[in-house]
>>> print(open('upload-v9.tsv').read())   # TSV, N, CA and C atoms
chain	number	residue	atom	x	y	z
A	1	MET	N	59.19	176.11	158.65
A	1	MET	CA	59.60	175.35	157.48
A	1	MET	C	59.78	176.30	156.31
A	2	SER	N	60.87	176.18	155.60
A	2	SER	CA	61.14	177.09	154.50
A	2	SER	C	60.66	176.49	153.18
A	3	GLY	N	60.42	177.39	152.21
A	3	GLY	CA	59.95	176.97	150.90
A	3	GLY	C	61.11	176.69	149.96
A	4	LYS	N	60.79	176.63	148.69
A	4	LYS	CA	61.80	176.36	147.67
A	4	LYS	C	62.68	177.58	147.46
A	5	ASN	N	63.96	177.35	147.25
A	5	ASN	CA	64.87	178.42	146.89
A	5	ASN	C	64.46	178.95	145.52
A	6	GLN	N	64.64	180.26	145.32
A	6	GLN	CA	64.25	180.90	144.07
A	6	GLN	C	65.50	181.29	143.28
A	7	HIS	N	65.45	181.09	141.97
A	7	HIS	CA	66.57	181.41	141.10
A	7	HIS	C	66.12	182.40	140.03
A	8	VAL	N	66.91	183.48	139.85
A	8	VAL	CA	66.70	184.41	138.74
A	8	VAL	C	67.66	183.94	137.65
A	9	VAL	N	67.09	183.48	136.53
A	9	VAL	CA	67.88	182.84	135.48
A	9	VAL	C	67.63	183.49	134.12
A	10	PRO	N	68.65	183.44	133.24
A	10	PRO	CA	68.42	183.94	131.88
A	10	PRO	C	67.41	183.04	131.17
A	11	ASN	N	66.55	183.66	130.37
A	11	ASN	CA	65.52	182.93	129.64
A	11	ASN	C	65.82	183.03	128.15
A	12	GLY	N	66.87	182.36	127.74
A	12	GLY	CA	67.28	182.41	126.34
A	12	GLY	C	67.57	183.83	125.92
A	13	ASN	N	67.12	184.22	124.74
A	13	ASN	CA	67.29	185.59	124.27
A	13	ASN	C	66.07	186.44	124.59
A	14	ASN	N	65.14	185.88	125.35
A	14	ASN	CA	63.87	186.54	125.61
A	14	ASN	C	63.80	187.23	126.95
A	15	GLY	N	64.90	187.44	127.64
A	15	GLY	CA	64.87	188.12	128.92
A	15	GLY	C	65.27	187.23	130.08
A	16	TRP	N	64.52	187.35	131.18
A	16	TRP	CA	64.86	186.68	132.43
A	16	TRP	C	63.67	185.96	133.00
A	17	GLY	N	63.94	184.99	133.87
A	17	GLY	CA	62.86	184.24	134.49
A	17	GLY	C	63.14	183.96	135.95
A	18	VAL	N	62.08	183.63	136.67
A	18	VAL	CA	62.17	183.21	138.07
A	18	VAL	C	61.76	181.75	138.11
A	19	ARG	N	62.61	180.93	138.72
A	19	ARG	CA	62.35	179.49	138.77
A	19	ARG	C	62.55	179.00	140.20
A	20	GLY	N	61.58	178.27	140.71
A	20	GLY	CA	61.72	177.61	142.01
A	20	GLY	C	62.67	176.43	141.86
A	21	GLU	N	63.47	176.19	142.88
A	21	GLU	CA	64.46	175.12	142.81
A	21	GLU	C	63.78	173.78	142.57
A	22	GLY	N	64.26	173.05	141.58
A	22	GLY	CA	63.72	171.75	141.24
A	22	GLY	C	62.58	171.80	140.22
A	23	ASN	N	62.11	172.99	139.91
A	23	ASN	CA	61.02	173.12	138.93
A	23	ASN	C	61.57	173.19	137.51
A	24	GLU	N	60.84	172.62	136.56
A	24	GLU	CA	61.22	172.72	135.16
A	24	GLU	C	60.70	174.03	134.55
A	25	ARG	N	59.49	174.40	134.94
A	25	ARG	CA	58.85	175.59	134.37
A	25	ARG	C	59.19	176.83	135.17
A	26	LEU	N	59.19	177.96	134.48
A	26	LEU	CA	59.43	179.23	135.13
A	26	LEU	C	58.18	179.69	135.88
A	27	THR	N	58.37	180.31	137.02
A	27	THR	CA	57.28	180.89	137.79
A	27	THR	C	56.85	182.20	137.15
A	28	ALA	N	57.83	182.98	136.64
A	28	ALA	CA	57.55	184.27	136.02
A	28	ALA	C	58.57	184.53	134.92
A	29	ARG	N	58.17	185.29	133.91
A	29	ARG	CA	59.05	185.71	132.82
A	29	ARG	C	59.03	187.23	132.76
A	30	THR	N	60.23	187.84	132.62
A	30	THR	CA	60.32	189.30	132.53
A	30	THR	C	61.30	189.68	131.43
A	31	SER	N	61.25	190.95	131.06
A	31	SER	CA	62.18	191.42	130.03
A	31	SER	C	63.51	191.88	130.62
A	32	THR	N	63.52	192.22	131.93
A	32	THR	CA	64.77	192.67	132.56
A	32	THR	C	65.08	191.83	133.80
A	33	GLN	N	66.36	191.80	134.13
A	33	GLN	CA	66.79	191.07	135.32
A	33	GLN	C	66.26	191.76	136.58
A	34	ALA	N	66.21	193.08	136.59
A	34	ALA	CA	65.72	193.82	137.76
A	34	ALA	C	64.28	193.44	138.10
A	35	GLU	N	63.44	193.30	137.10
A	35	GLU	CA	62.05	192.89	137.33
A	35	GLU	C	62.00	191.48	137.92
A	36	ALA	N	62.82	190.59	137.38
A	36	ALA	CA	62.86	189.20	137.86
A	36	ALA	C	63.35	189.15	139.31
A	37	ILE	N	64.34	189.98	139.64
A	37	ILE	CA	64.86	190.02	141.01
A	37	ILE	C	63.78	190.49	141.97
A	38	GLN	N	63.02	191.50	141.57
A	38	GLN	CA	61.95	192.03	142.42
A	38	GLN	C	60.90	190.95	142.71
A	39	ILE	N	60.49	190.22	141.69
A	39	ILE	CA	59.50	189.15	141.86
A	39	ILE	C	60.05	188.03	142.73
A	40	ALA	N	61.28	187.59	142.43
A	40	ALA	CA	61.89	186.49	143.17
A	40	ALA	C	62.13	186.86	144.63
A	41	THR	N	62.48	188.12	144.90
A	41	THR	CA	62.69	188.57	146.27
A	41	THR	C	61.40	188.45	147.07
A	42	GLY	N	60.29	188.87	146.48
A	42	GLY	CA	59.01	188.76	147.15
A	42	GLY	C	58.64	187.32	147.47
A	43	ILE	N	58.89	186.42	146.52
A	43	ILE	CA	58.58	185.00	146.73
A	43	ILE	C	59.49	184.42	147.82
A	44	ALA	N	60.80	184.74	147.76
A	44	ALA	CA	61.75	184.22	148.75
A	44	ALA	C	61.42	184.72	150.15
A	45	ARG	N	61.04	185.98	150.28
A	45	ARG	CA	60.65	186.51	151.59
A	45	ARG	C	59.41	185.80	152.11
A	46	ASN	N	58.43	185.63	151.24
A	46	ASN	CA	57.19	184.97	151.62
A	46	ASN	C	57.42	183.53	152.07
A	47	GLN	N	58.31	182.83	151.37
A	47	GLN	CA	58.57	181.43	151.67
A	47	GLN	C	59.74	181.22	152.64
A	48	GLN	N	60.37	182.32	153.06
A	48	GLN	CA	61.54	182.26	153.94
A	48	GLN	C	62.60	181.32	153.37
A	49	SER	N	63.02	181.61	152.14
A	49	SER	CA	63.98	180.75	151.45
A	49	SER	C	65.15	181.59	150.93
A	50	GLU	N	65.99	180.98	150.13
A	50	GLU	CA	67.16	181.63	149.55
A	50	GLU	C	66.85	182.15	148.15
A	51	LEU	N	67.54	183.22	147.77
A	51	LEU	CA	67.43	183.78	146.42
A	51	LEU	C	68.80	183.70	145.76
A	52	PHE	N	68.85	183.12	144.58
A	52	PHE	CA	70.09	183.02	143.81
A	52	PHE	C	69.91	183.83	142.52
A	53	ILE	N	70.81	184.77	142.28
A	53	ILE	CA	70.76	185.59	141.07
A	53	ILE	C	71.89	185.14	140.17
A	54	HIS	N	71.54	184.72	138.96
A	54	HIS	CA	72.52	184.20	138.01
A	54	HIS	C	72.94	185.27	136.99
A	55	ARG	N	74.14	185.10	136.46
A	55	ARG	CA	74.62	185.95	135.36
A	55	ARG	C	74.05	185.41	134.05
A	56	PRO	N	74.18	186.17	132.96
A	56	PRO	CA	73.70	185.67	131.66
A	56	PRO	C	74.32	184.33	131.25
A	57	ASN	N	75.55	184.02	131.72
A	57	ASN	CA	76.18	182.74	131.37
A	57	ASN	C	75.75	181.61	132.31
A	58	GLY	N	74.88	181.91	133.29
A	58	GLY	CA	74.38	180.89	134.20
A	58	GLY	C	75.09	180.82	135.54
A	59	GLN	N	76.25	181.45	135.65
A	59	GLN	CA	77.01	181.45	136.90
A	59	GLN	C	76.28	182.28	137.96
A	60	ILE	N	76.32	181.85	139.21
A	60	ILE	CA	75.67	182.59	140.30
A	60	ILE	C	76.50	183.83	140.60
A	61	ARG	N	75.85	185.00	140.58
A	61	ARG	CA	76.57	186.24	140.87
A	61	ARG	C	76.25	186.79	142.25
A	62	GLU	N	75.10	186.41	142.80
A	62	GLU	CA	74.70	186.92	144.10
A	62	GLU	C	73.74	185.94	144.76
A	63	ARG	N	73.73	185.98	146.09
A	63	ARG	CA	72.87	185.07	146.85
A	63	ARG	C	72.38	185.81	148.09
A	64	ASN	N	71.09	185.72	148.36
A	64	ASN	CA	70.51	186.36	149.54
A	64	ASN	C	69.65	185.35	150.27
A	65	SER	N	69.68	185.44	151.59
A	65	SER	CA	68.89	184.54	152.41
A	65	SER	C	67.76	185.31	153.08
A	66	TYR	N	66.55	184.81	152.95
A	66	TYR	CA	65.40	185.41	153.59
A	66	TYR	C	64.78	184.43	154.58
A	67	GLY	N	65.58	183.46	155.01
A	67	GLY	CA	65.11	182.44	155.94
A	67	GLY	C	65.44	182.83	157.37
A	68	ASN	N	65.33	181.88	158.26
A	68	ASN	CA	65.61	182.07	159.66
A	68	ASN	C	67.07	181.74	159.91
A	69	ASP	N	67.97	182.67	159.59
A	69	ASP	CA	69.40	182.43	159.74
A	69	ASP	C	69.85	182.72	161.15
A	70	PRO	N	70.60	181.81	161.76
A	70	PRO	CA	71.12	182.08	163.09
A	70	PRO	C	72.25	183.11	163.03
A	71	TYR	N	72.30	184.01	163.98
A	71	TYR	CA	73.38	184.96	164.05
A	71	TYR	C	73.93	184.91	165.45
A	72	PRO	N	75.21	184.75	165.69
A	72	PRO	CA	76.24	184.56	164.66
A	72	PRO	C	76.19	183.15	164.09
A	73	PRO	N	76.68	183.00	162.87
A	73	PRO	CA	76.67	181.67	162.26
A	73	PRO	C	77.57	180.70	163.01
A	74	LYS	N	77.17	179.45	163.01
A	74	LYS	CA	77.96	178.42	163.67
A	74	LYS	C	79.15	178.04	162.81
A	75	GLY	N	80.27	177.74	163.46
A	75	GLY	CA	81.44	177.23	162.75
A	75	GLY	C	82.33	178.22	162.28
>>> encode(input="upload-v9.tsv", output="structure tokens")
Amino acid sequence: MSGKNQHVVPNGNNGWGVRGEGNERLTARTSTQAEAIQIATGIARNQQSELFIHRPNGQIRERNSYGNDPYPPKG
């Protein structure tokens, strides 16, 4: 069973945050996006979930899966 997907999101003018999908509150706050990505990657690996990295405007720029992905993909 996989956990919540993790999102690296801009945190206003105060840096970056890590937020579990569906959560209102941030799991972690950092001053740089690289720090937030490192934290979120660890959580996503632990929970076998997806990681979404957002741009400063909120658009998704990258996505990584740390779940049990079938290879080759179906379809």
>>> atom_distance(input="upload-v9.tsv", atom1="atom N of Ile53 (chain A)", atom2="atom N of Pro72 (chain A)")
23.8 Å
>>> residues_around(input="upload-v9.tsv", residues="region 29-41 of chain A", least_positions_apart="2", cutoff="6 Å", atoms="only N, CA and C atoms", output="list in words")
Val8, Asn14, Gly15, Trp16, Gly17, Val18, Leu26, Thr27, Ile43, Ala44, Arg45 and Asn46 of chain A
>>> select_by_dssp(input="upload-v9.tsv", residues="chain A", states="strand (DSSP E)", output="VMD selection string")
chain A and resid 6 to 10 16 to 20 28 to 30 50 to 54 60 to 65
>>> closest_residue(input="upload-v9.tsv", among="A:Pro10, A:Gln47, A:Arg25, A:Phe52", to="Gly67 (chain A)", atoms="only N, CA and C atoms")
A:Gln47
>>> select_by_dssp(input="upload-v9.tsv", residues="chain A", states="alpha helix (DSSP H)", output="ChimeraX atom specification")
/A:33-47
>>> atom_distance(input="upload-v9.tsv", atom1="CA of His54 (chain A)", atom2="CA of Asn13 (chain A)")
14.8 Å
>>> atom_distance(input="upload-v9.tsv", atom1="atom N of Asn64 (chain A)", atom2="CA of Val9 (chain A)")
13.6 Å
>>> residues_around(input="upload-v9.tsv", residues="Tyr66 (chain A)", least_positions_apart="5", cutoff="5 Å", atoms="all atoms listed in the file", output="ChimeraX atom specification")
/A:48-50
>>> write_last_selection(input="upload-v9.tsv", atoms="N, CA and C atoms", output="PDB file, keeping the file's coordinate frame")
ATOM      1  N   GLN A  48      60.370 182.320 153.060  1.00  0.00           N
ATOM      2  CA  GLN A  48      61.540 182.260 153.940  1.00  0.00           C
ATOM      3  C   GLN A  48      62.600 181.320 153.370  1.00  0.00           C
ATOM      4  N   SER A  49      63.020 181.610 152.140  1.00  0.00           N
ATOM      5  CA  SER A  49      63.980 180.750 151.450  1.00  0.00           C
ATOM      6  C   SER A  49      65.150 181.590 150.930  1.00  0.00           C
ATOM      7  N   GLU A  50      65.990 180.980 150.130  1.00  0.00           N
ATOM      8  CA  GLU A  50      67.160 181.630 149.550  1.00  0.00           C
ATOM      9  C   GLU A  50      66.850 182.150 148.150  1.00  0.00           C
TER      10      GLU A  50
END
